[in-house]
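entry36.cif follows (mmCIF, C-alpha atoms, pLDDT in the B column; chains and numbers go by the auth columns):
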```cif
data_input
loop_
_atom_site.group_PDB
_atom_site.id
_atom_site.type_symbol
_atom_site.label_atom_id
_atom_site.label_comp_id
_atom_site.label_asym_id
_atom_site.label_seq_id
_atom_site.Cartn_x
_atom_site.Cartn_y
_atom_site.Cartn_z
_atom_site.B_iso_or_equiv
_atom_site.auth_seq_id
_atom_site.auth_asym_id
ATOM 1 C CA ARG A 1 -2.477 -7.083 21.488 72.00 1 A
ATOM 2 C CA LEU A 2 -4.103 -4.019 22.995 76.00 2 A
ATOM 3 C CA ALA A 3 -7.204 -6.056 23.797 73.00 3 A
ATOM 4 C CA GLN A 4 -5.075 -8.792 25.335 73.00 4 A
ATOM 5 C CA ALA A 5 -3.264 -6.287 27.510 75.00 5 A
ATOM 6 C CA TRP A 6 -6.529 -4.607 28.532 71.00 6 A
ATOM 7 C CA HIS A 7 -8.664 -7.678 29.128 71.00 7 A
ATOM 8 C CA PRO A 8 -7.162 -11.077 28.130 77.00 8 A
ATOM 9 C CA GLN A 9 -10.499 -12.883 28.354 75.00 9 A
ATOM 10 C CA LEU A 10 -11.765 -10.744 25.491 74.00 10 A
ATOM 11 C CA VAL A 11 -9.498 -12.425 22.934 75.00 11 A
ATOM 12 C CA ALA A 12 -8.966 -15.836 24.504 77.00 12 A
ATOM 13 C CA LEU A 13 -9.277 -18.517 21.828 74.00 13 A
ATOM 14 C CA HIS A 14 -12.683 -20.262 22.030 74.00 14 A
ATOM 15 C CA ALA A 15 -13.186 -19.125 25.627 73.00 15 A
ATOM 16 C CA SER A 16 -14.002 -15.563 24.493 73.00 16 A
ATOM 17 C CA ARG A 17 -17.159 -16.684 22.675 75.00 17 A
ATOM 18 C CA GLY A 18 -20.136 -15.265 24.482 73.00 18 A
ATOM 19 C CA HIS A 19 -17.936 -13.488 26.995 73.00 19 A
ATOM 20 C CA GLU A 20 -19.484 -10.315 28.415 76.00 20 A
ATOM 21 C CA SER A 21 -18.159 -8.026 31.105 76.00 21 A
ATOM 22 C CA ALA A 22 -17.887 -4.378 32.037 78.00 22 A
ATOM 23 C CA GLU A 23 -14.235 -4.394 30.948 77.00 23 A
ATOM 24 C CA THR A 24 -15.203 -5.781 27.551 77.00 24 A
ATOM 25 C CA ARG A 25 -17.803 -3.096 26.949 77.00 25 A
ATOM 26 C CA ALA A 26 -15.439 -0.372 28.125 79.00 26 A
ATOM 27 C CA PHE A 27 -12.667 -1.518 25.783 80.00 27 A
ATOM 28 C CA MET A 28 -14.950 -1.842 22.772 80.00 28 A
ATOM 29 C CA ARG A 29 -16.622 1.513 23.354 81.00 29 A
ATOM 30 C CA ARG A 30 -13.307 3.298 23.776 83.00 30 A
ATOM 31 C CA SER A 31 -11.779 1.544 20.784 84.00 31 A
ATOM 32 C CA VAL A 32 -14.669 2.707 18.592 84.00 32 A
ATOM 33 C CA LEU A 33 -14.216 6.288 19.775 85.00 33 A
ATOM 34 C CA VAL A 34 -10.466 6.121 19.102 87.00 34 A
ATOM 35 C CA ALA A 35 -11.125 4.703 15.618 87.00 35 A
ATOM 36 C CA ASP A 36 -13.528 7.580 15.006 88.00 36 A
ATOM 37 C CA LEU A 37 -10.940 10.149 16.040 90.00 37 A
ATOM 38 C CA LEU A 38 -8.159 8.569 13.996 92.00 38 A
ATOM 39 C CA VAL A 39 -10.006 7.749 10.766 92.00 39 A
ATOM 40 C CA PHE A 40 -13.570 8.985 10.349 92.00 40 A
ATOM 41 C CA VAL A 41 -13.415 12.438 11.940 92.00 41 A
ATOM 42 C CA PRO A 42 -10.337 13.602 9.945 94.00 42 A
ATOM 43 C CA ALA A 43 -11.946 12.277 6.751 93.00 43 A
ATOM 44 C CA ALA A 44 -15.176 14.121 7.544 92.00 44 A
ATOM 45 C CA LEU A 45 -13.242 17.337 8.203 92.00 45 A
ATOM 46 C CA ALA A 46 -11.350 17.009 4.928 92.00 46 A
ATOM 47 C CA PHE A 47 -14.542 16.295 3.005 91.00 47 A
ATOM 48 C CA ALA A 48 -16.442 19.207 4.560 88.00 48 A
ATOM 49 C CA ARG A 49 -13.681 21.608 3.519 86.00 49 A
ATOM 50 C CA LEU A 50 -13.812 20.622 -0.146 85.00 50 A
ATOM 51 C CA PRO A 51 -15.431 23.245 -2.382 78.00 51 A
ATOM 52 C CA ALA A 52 -17.359 20.516 -4.228 69.00 52 A
ATOM 53 C CA ALA A 53 -18.899 19.238 -0.991 64.00 53 A
ATOM 54 C CA ALA A 54 -19.414 22.510 0.861 56.00 54 A
ATOM 55 C CA GLY A 55 -20.500 24.828 -1.940 59.00 55 A
ATOM 56 C CA GLY A 56 -23.637 26.248 -0.376 56.00 56 A
ATOM 57 C CA GLY A 57 -22.833 29.359 1.613 56.00 57 A
ATOM 58 C CA GLY A 58 -20.706 30.142 4.612 58.00 58 A
ATOM 59 C CA GLY A 59 -22.312 27.579 6.895 67.00 59 A
ATOM 60 C CA ALA A 60 -22.215 24.699 4.419 78.00 60 A
ATOM 61 C CA PRO A 61 -18.982 23.101 5.752 80.00 61 A
ATOM 62 C CA THR A 62 -20.369 23.094 9.293 82.00 62 A
ATOM 63 C CA ARG A 63 -23.658 21.548 8.163 83.00 63 A
ATOM 64 C CA THR A 64 -21.852 18.913 6.111 83.00 64 A
ATOM 65 C CA LEU A 65 -19.607 18.028 9.027 85.00 65 A
ATOM 66 C CA ALA A 66 -22.554 17.819 11.422 86.00 66 A
ATOM 67 C CA LEU A 67 -24.472 15.523 9.069 85.00 67 A
ATOM 68 C CA LEU A 68 -21.484 13.198 8.786 86.00 68 A
ATOM 69 C CA LEU A 69 -20.539 13.050 12.461 85.00 69 A
ATOM 70 C CA LEU A 70 -24.093 12.897 13.816 85.00 70 A
ATOM 71 C CA SER A 71 -25.433 10.332 11.388 81.00 71 A
ATOM 72 C CA PRO A 72 -27.837 8.163 13.467 79.00 72 A
ATOM 73 C CA PRO A 73 -26.895 4.841 11.799 76.00 73 A
ATOM 74 C CA LEU A 74 -23.206 5.433 12.459 76.00 74 A
ATOM 75 C CA VAL A 75 -23.760 6.476 16.068 75.00 75 A
ATOM 76 C CA LEU A 76 -26.189 3.657 16.866 70.00 76 A
ATOM 77 C CA VAL A 77 -24.348 0.864 15.065 69.00 77 A
ATOM 78 C CA ASP A 78 -20.741 1.781 15.782 66.00 78 A
ATOM 79 C CA HIS A 79 -21.155 3.169 19.281 69.00 79 A
ATOM 80 C CA GLY A 80 -23.873 0.754 20.339 68.00 80 A
ATOM 81 C CA HIS A 81 -23.107 -2.472 18.507 71.00 81 A
ATOM 82 C CA PHE A 82 -19.340 -2.082 18.006 72.00 82 A
ATOM 83 C CA GLN A 83 -19.225 -2.841 14.284 76.00 83 A
ATOM 84 C CA TYR A 84 -16.262 -0.516 13.617 82.00 84 A
ATOM 85 C CA ASN A 85 -17.910 0.680 10.423 84.00 85 A
ATOM 86 C CA CYS A 86 -16.345 4.076 11.103 87.00 86 A
ATOM 87 C CA VAL A 87 -12.996 2.732 9.919 90.00 87 A
ATOM 88 C CA SER A 88 -14.287 1.367 6.623 90.00 88 A
ATOM 89 C CA LEU A 89 -16.522 4.386 6.012 90.00 89 A
ATOM 90 C CA GLY A 90 -13.736 6.761 7.001 92.00 90 A
ATOM 91 C CA LEU A 91 -11.336 5.165 4.522 95.00 91 A
ATOM 92 C CA ALA A 92 -14.038 5.255 1.839 94.00 92 A
ATOM 93 C CA LEU A 93 -14.573 8.921 2.630 94.00 93 A
ATOM 94 C CA TRP A 94 -10.848 9.520 2.269 95.00 94 A
ATOM 95 C CA ALA A 95 -11.095 7.841 -1.144 95.00 95 A
ATOM 96 C CA LEU A 96 -13.886 10.254 -2.075 93.00 96 A
ATOM 97 C CA VAL A 97 -11.814 13.202 -0.880 94.00 97 A
ATOM 98 C CA ALA A 98 -8.910 12.013 -3.015 94.00 98 A
ATOM 99 C CA ALA A 99 -11.199 11.541 -6.021 93.00 99 A
ATOM 100 C CA LEU A 100 -12.687 15.029 -5.703 91.00 100 A
ATOM 101 C CA SER A 101 -9.172 16.416 -5.315 91.00 101 A
ATOM 102 C CA GLY A 102 -8.016 14.756 -8.538 91.00 102 A
ATOM 103 C CA ARG A 103 -5.679 12.214 -6.896 94.00 103 A
ATOM 104 C CA PRO A 104 -6.628 8.785 -8.320 94.00 104 A
ATOM 105 C CA LEU A 105 -3.662 6.916 -6.859 95.00 105 A
ATOM 106 C CA ALA A 106 -4.505 8.069 -3.337 95.00 106 A
ATOM 107 C CA CYS A 107 -8.114 7.110 -4.054 95.00 107 A
ATOM 108 C CA CYS A 108 -6.917 3.592 -4.958 95.00 108 A
ATOM 109 C CA VAL A 109 -4.990 3.214 -1.716 96.00 109 A
ATOM 110 C CA ALA A 110 -7.771 4.528 0.518 96.00 110 A
ATOM 111 C CA PHE A 111 -10.532 2.499 -1.102 95.00 111 A
ATOM 112 C CA SER A 112 -8.439 -0.677 -1.193 95.00 112 A
ATOM 113 C CA LEU A 113 -7.854 -0.290 2.545 95.00 113 A
ATOM 114 C CA SER A 114 -11.574 0.286 3.090 94.00 114 A
ATOM 115 C CA LEU A 115 -12.469 -2.784 1.058 91.00 115 A
ATOM 116 C CA ASN A 116 -9.969 -4.979 2.882 91.00 116 A
ATOM 117 C CA PHE A 117 -11.126 -3.739 6.273 91.00 117 A
ATOM 118 C CA LYS A 118 -14.760 -4.657 5.640 86.00 118 A
ATOM 119 C CA GLN A 119 -16.421 -6.207 2.609 83.00 119 A
ATOM 120 C CA MET A 120 -19.342 -3.768 2.717 82.00 120 A
ATOM 121 C CA GLY A 121 -17.092 -1.530 0.637 85.00 121 A
ATOM 122 C CA LEU A 122 -18.056 -3.702 -2.327 86.00 122 A
ATOM 123 C CA TYR A 123 -21.268 -1.697 -2.601 86.00 123 A
ATOM 124 C CA LEU A 124 -19.165 1.351 -3.485 90.00 124 A
ATOM 125 C CA ALA A 125 -16.734 -0.499 -5.745 91.00 125 A
ATOM 126 C CA PRO A 126 -18.619 0.072 -9.048 92.00 126 A
ATOM 127 C CA ALA A 127 -18.641 3.848 -8.524 92.00 127 A
ATOM 128 C CA VAL A 128 -14.928 3.944 -7.659 93.00 128 A
ATOM 129 C CA PHE A 129 -14.088 1.668 -10.586 93.00 129 A
ATOM 130 C CA CYS A 130 -16.011 3.867 -13.031 94.00 130 A
ATOM 131 C CA TYR A 131 -14.274 6.995 -11.720 93.00 131 A
ATOM 132 C CA LEU A 132 -10.824 5.467 -12.126 94.00 132 A
ATOM 133 C CA LEU A 133 -11.601 3.980 -15.531 93.00 133 A
ATOM 134 C CA ALA A 134 -13.039 7.295 -16.759 93.00 134 A
ATOM 135 C CA GLY A 135 -9.810 9.027 -15.780 92.00 135 A
ATOM 136 C CA VAL A 136 -7.830 6.563 -17.872 93.00 136 A
ATOM 137 C CA LEU A 137 -10.167 6.792 -20.872 92.00 137 A
ATOM 138 C CA ARG A 138 -10.036 10.604 -20.846 91.00 138 A
ATOM 139 C CA THR A 139 -6.248 10.604 -20.984 89.00 139 A
ATOM 140 C CA ARG A 140 -4.909 11.748 -24.313 88.00 140 A
ATOM 141 C CA GLY A 141 -2.403 9.404 -25.841 89.00 141 A
ATOM 142 C CA VAL A 142 -2.433 5.631 -25.711 91.00 142 A
ATOM 143 C CA GLY A 143 0.945 5.440 -24.040 91.00 143 A
ATOM 144 C CA LEU A 144 0.048 7.850 -21.242 93.00 144 A
ATOM 145 C CA ALA A 145 -3.311 6.152 -20.714 92.00 145 A
ATOM 146 C CA ALA A 146 -1.626 2.764 -20.516 94.00 146 A
ATOM 147 C CA SER A 147 0.925 4.044 -17.996 94.00 147 A
ATOM 148 C CA ARG A 148 -1.831 5.499 -15.798 93.00 148 A
ATOM 149 C CA PHE A 149 -3.770 2.243 -15.998 94.00 149 A
ATOM 150 C CA CYS A 150 -0.681 0.257 -14.978 95.00 150 A
ATOM 151 C CA ALA A 151 0.012 2.695 -12.131 95.00 151 A
ATOM 152 C CA LEU A 152 -3.520 2.246 -10.787 95.00 152 A
ATOM 153 C CA GLY A 153 -3.204 -1.522 -11.028 94.00 153 A
ATOM 154 C CA ALA A 154 0.192 -1.552 -9.338 96.00 154 A
ATOM 155 C CA VAL A 155 -0.924 0.661 -6.448 96.00 155 A
ATOM 156 C CA THR A 156 -4.057 -1.404 -5.902 95.00 156 A
ATOM 157 C CA SER A 157 -2.110 -4.674 -6.040 95.00 157 A
ATOM 158 C CA LEU A 158 0.539 -3.446 -3.606 96.00 158 A
ATOM 159 C CA THR A 159 -2.116 -2.241 -1.153 95.00 159 A
ATOM 160 C CA PHE A 160 -3.930 -5.574 -1.294 94.00 160 A
ATOM 161 C CA ALA A 161 -0.623 -7.427 -0.924 93.00 161 A
ATOM 162 C CA ALA A 162 0.237 -5.433 2.206 94.00 162 A
ATOM 163 C CA CYS A 163 -3.174 -6.207 3.735 93.00 163 A
ATOM 164 C CA TRP A 164 -2.950 -9.913 2.958 92.00 164 A
ATOM 165 C CA ALA A 165 0.747 -10.331 3.759 92.00 165 A
ATOM 166 C CA PRO A 166 0.202 -11.665 7.327 90.00 166 A
ATOM 167 C CA PHE A 167 -2.001 -14.469 6.004 90.00 167 A
ATOM 168 C CA LEU A 168 0.180 -15.250 3.006 89.00 168 A
ATOM 169 C CA ALA A 169 3.290 -15.331 5.213 89.00 169 A
ATOM 170 C CA SER A 170 1.774 -17.706 7.773 87.00 170 A
ATOM 171 C CA ALA A 171 2.814 -21.323 8.175 86.00 171 A
ATOM 172 C CA THR A 172 -0.250 -22.426 6.183 88.00 172 A
ATOM 173 C CA PRO A 173 -0.877 -19.610 3.671 88.00 173 A
ATOM 174 C CA TYR A 174 -3.457 -21.500 1.627 88.00 174 A
ATOM 175 C CA ASP A 175 -5.574 -22.518 4.617 89.00 175 A
ATOM 176 C CA SER A 176 -5.272 -19.086 6.221 88.00 176 A
ATOM 177 C CA THR A 177 -6.304 -17.269 3.053 88.00 177 A
ATOM 178 C CA LEU A 178 -9.165 -19.675 2.429 88.00 178 A
ATOM 179 C CA ALA A 179 -10.416 -19.237 6.000 86.00 179 A
ATOM 180 C CA VAL A 180 -10.520 -15.457 5.558 85.00 180 A
ATOM 181 C CA LEU A 181 -12.340 -15.722 2.230 83.00 181 A
ATOM 182 C CA ARG A 182 -14.900 -18.087 3.719 80.00 182 A
ATOM 183 C CA ARG A 183 -15.563 -15.608 6.506 77.00 183 A
ATOM 184 C CA VAL A 184 -15.785 -12.656 4.132 76.00 184 A
ATOM 185 C CA PHE A 185 -18.054 -14.537 1.702 73.00 185 A
ATOM 186 C CA PRO A 186 -19.906 -17.094 3.875 67.00 186 A
ATOM 187 C CA THR A 187 -21.793 -18.820 1.062 65.00 187 A
ATOM 188 C CA SER A 188 -22.149 -21.983 3.139 65.00 188 A
ATOM 189 C CA ARG A 189 -24.471 -20.087 5.467 58.00 189 A
ATOM 190 C CA SER A 190 -26.971 -19.457 2.647 53.00 190 A
ATOM 191 C CA LEU A 191 -29.286 -16.453 2.764 47.00 191 A
ATOM 192 C CA TYR A 192 -29.416 -16.235 6.513 47.00 192 A
ATOM 193 C CA GLU A 193 -25.917 -14.981 7.241 50.00 193 A
ATOM 194 C CA ASP A 194 -25.591 -12.135 9.729 50.00 194 A
ATOM 195 C CA LYS A 195 -25.063 -9.462 7.076 50.00 195 A
ATOM 196 C CA ALA A 196 -28.136 -7.276 7.487 46.00 196 A
ATOM 197 C CA ALA A 197 -27.325 -5.245 4.394 46.00 197 A
ATOM 198 C CA ARG A 198 -27.273 -8.171 1.992 52.00 198 A
ATOM 199 C CA PRO A 199 -29.874 -7.807 -0.753 55.00 199 A
ATOM 200 C CA CYS A 200 -30.861 -11.448 -0.462 52.00 200 A
ATOM 201 C CA ILE A 201 -32.284 -10.802 2.999 52.00 201 A
ATOM 202 C CA CYS A 202 -34.691 -8.294 1.462 56.00 202 A
ATOM 203 C CA THR A 203 -35.643 -10.633 -1.363 55.00 203 A
ATOM 204 C CA THR A 204 -36.319 -13.464 1.077 51.00 204 A
ATOM 205 C CA TYR A 205 -39.580 -11.807 2.079 52.00 205 A
ATOM 206 C CA ALA A 206 -40.641 -11.583 -1.551 55.00 206 A
ATOM 207 C CA LEU A 207 -40.375 -15.352 -1.966 54.00 207 A
ATOM 208 C CA LEU A 208 -43.609 -15.817 0.017 49.00 208 A
ATOM 209 C CA LEU A 209 -42.431 -19.084 1.534 48.00 209 A
ATOM 210 C CA PRO A 210 -45.099 -21.264 3.138 50.00 210 A
ATOM 211 C CA GLU A 211 -45.390 -20.818 6.855 50.00 211 A
ATOM 212 C CA GLY A 212 -43.242 -23.276 8.756 50.00 212 A
ATOM 213 C CA THR A 213 -40.830 -23.899 5.881 49.00 213 A
ATOM 214 C CA PRO A 214 -37.399 -24.795 7.354 51.00 214 A
ATOM 215 C CA ARG A 215 -34.679 -22.318 6.555 47.00 215 A
ATOM 216 C CA ASP A 216 -32.346 -24.908 5.118 47.00 216 A
ATOM 217 C CA SER A 217 -34.933 -26.008 2.555 45.00 217 A
ATOM 218 C CA SER A 218 -35.648 -22.457 1.369 42.00 218 A
ATOM 219 C CA VAL A 219 -32.256 -21.881 -0.202 44.00 219 A
ATOM 220 C CA THR A 220 -29.775 -23.786 -2.270 42.00 220 A
ATOM 221 C CA ARG A 221 -26.479 -24.376 -0.575 42.00 221 A
ATOM 222 C CA PRO A 222 -23.322 -24.741 -2.645 41.00 222 A
#
```
As a first step, turn the structure in this file into structure tokens.
Amino acid sequence: RLAQAWHPQLVALHASRGHESAETRAFMRRSVLVADLLVFVPAALAFARLPAAAGGGGGAPTRTLALLLLSPPLVLVDHGHFQYNCVSLGLALWALVAALSGRPLACCVAFSLSLNFKQMGLYLAPAVFCYLLAGVLRTRGVGLAASRFCALGAVTSLTFAACWAPFLASATPYDSTLAVLRRVFPTSRSLYEDKAARPCICTTYALLLPEGTPRDSSVTRP
């Protein structure tokens, strides 16, 4: 709604495809900066203040904060290509802060939000899962361990339910949910989807395909 109020052509159905203007660039650049200030910067500040992350002398927190905020990939991609990775990375960083602070339930909420915002959080999912599972396994007493496991599952489920509620509550919940899943996991687009971080893009070059081989014939489509 903010984009529609700022520049309606930016979000016009179908007509917005390929639309470029000074107003569009201004809105996207400012929205990235606002997302940084609201999500990533506070997470970076909280992380830099943790003893586990800043244990290296008096200037360690400042160096840690500088490395996080001045990371070239984040600056170039988010502020130049408007990918809004700062939101997903900021939420993941909040999950790490919660984990290092011994708050697994808060870690569940933050990482679930990160994962639902952008699927690149899946790369971090095994580490978060192992941390949460280790906390349960180290709990003394089967009953207490079971209750902690159920609490983690309930918090994660409720967070996912809140994120997916608009699609599940739509007039066509099945079609809406399926459309989102197809966009998140675009298997019909084979190896050449626009996800630069996908491992299959790296392995494509190792296939040593003959020169001139059509893209569609180089992969198996479902």
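What the PyMOL selection byres ((chain A and resi 109) around 8) picks from this file is Ala95, Leu105, Ala106, Cys107, Cys108, Ala110, Phe111, Ser112, Leu113, Val155, Thr156 and Thr159 of chain A.
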Quick one: everything within 12 Å of A:Gln9, counting all atoms listed in the file, minus sequence neighbours fewer than 5 positions away in the same chain. Send it as a ChimeraX atom specification. /A:3-4,14-24,27
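Closest approach to A:Leu38 from the set A:Ala26, A:Leu91, A:Val75, A:Leu178 is made by A:Leu91, with distances taken over all atoms listed in the file.
For the structure shown here, the set of residues caught by the PyMOL selection byres ((chain A and resi 135) around 10) is Gly102, Pro104, Phe129, Cys130, Tyr131, Leu132, Leu133, Ala134, Val136, Leu137, Arg138, Thr139, Ala145, Arg148 and Phe149 of chain A.
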I need the residues from that last selection saved to file as a compact mmCIF listing (two decimals), in the frame of the given file (with C-alpha atoms), if you can.
```txt
# COMPACT_ATOMS: atom_id res chain seq x y z
CA GLY A 102 -8.02 14.76 -8.54
CA PRO A 104 -6.63 8.78 -8.32
CA PHE A 129 -14.09 1.67 -10.59
CA CYS A 130 -16.01 3.87 -13.03
CA TYR A 131 -14.27 7.00 -11.72
CA LEU A 132 -10.82 5.47 -12.13
CA LEU A 133 -11.60 3.98 -15.53
CA ALA A 134 -13.04 7.30 -16.76
CA VAL A 136 -7.83 6.56 -17.87
CA LEU A 137 -10.17 6.79 -20.87
CA ARG A 138 -10.04 10.60 -20.85
CA THR A 139 -6.25 10.60 -20.98
CA ALA A 145 -3.31 6.15 -20.71
CA ARG A 148 -1.83 5.50 -15.80
CA PHE A 149 -3.77 2.24 -16.00
```
Could you state the separation of atom CA of A:Leu76 and atom CA of A:Tyr123 in Å, given to one decimal place? 20.8 Å
Coordinates of box centre and edge lengths for stretch 164-181 of chain A, 8 Å on every side, axis-aligned, as JSON:
```
{"center_x": -4.5, "center_y": -16.2, "center_z": 4.9, "size_x": 31.6, "size_y": 28.6, "size_z": 22.5}
```
Please report the interatomic distance between atom CA of A:Ser101 and atom CA of A:Ser157 in Å with one decimal. 22.3 Å
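Considering the residues A:Ser147, A:Gln119, A:Ser170, A:Ser114 and counting all atoms listed in the file, A:Val87 has its shortest atom-to-atom contact with A:Ser114.
Across the structure, atom CA of A:Leu10 and atom CA of A:Arg29 are spaced 13.4 Å apart.
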Nearest candidate to A:Val97 (options A:Leu181, A:Ala48, A:Val41, A:Ala5; using all atoms listed in the file):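 Closest residue, counting all atoms listed in the file: A:Ala48.
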Pick from A:Val180, A:Leu74, A:Ala99, A:Ala12, whichever lies nearest to A:Cys86 using all atoms listed in the file: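 Counting all atoms listed in the file, the residue closest to A:Cys86 is A:Leu74.
In this comparison, which uses only C-alpha atoms, the residue of A:Ala165, A:Leu45, A:Ala127, A:Leu115 approaching A:Asn85 most closely is A:Leu115.
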Close residues, A:Gln83 itself excluded, 12 Å, all atoms listed in the file, min 6 positions apart in chain, as a list in words: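 So the residues in contact are Met28, Arg29, Ser31, Val32, Leu33, Ala35, Asp36, Pro73, Leu74, Val75, Leu76, Val77, Leu89, Phe117, Lys118, Met120 and Lys195 of chain A.
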Option closest in space to A:Ala44, from A:Arg30, A:Ala92, A:Leu13, A:Tyr84 [counting only C-alpha atoms]: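 Checking each of A:Arg30, A:Ala92, A:Leu13, A:Tyr84 against A:Ala44, counting only C-alpha atoms, the winner is A:Ala92.
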For A:Thr177, please output as a PDB file with C-alpha atoms, keeping the file's coordinate frame all residues within 9 Å (counting all atoms listed in the file; exclusion window: fewer than 3 positions along the same chain).
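Printed below is part-v6.pdb as written:
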```pdb
ATOM      1  CA  TRP A 164      -2.950  -9.913   2.958  1.00 92.00           C
ATOM      2  CA  PHE A 167      -2.001 -14.469   6.004  1.00 90.00           C
ATOM      3  CA  LEU A 168       0.180 -15.250   3.006  1.00 89.00           C
ATOM      4  CA  THR A 172      -0.250 -22.426   6.183  1.00 88.00           C
ATOM      5  CA  PRO A 173      -0.877 -19.610   3.671  1.00 88.00           C
ATOM      6  CA  TYR A 174      -3.457 -21.500   1.627  1.00 88.00           C
ATOM      7  CA  VAL A 180     -10.520 -15.457   5.558  1.00 85.00           C
ATOM      8  CA  LEU A 181     -12.340 -15.722   2.230  1.00 83.00           C
ATOM      9  CA  ARG A 182     -14.900 -18.087   3.719  1.00 80.00           C
TER      10      ARG A 182
END
```
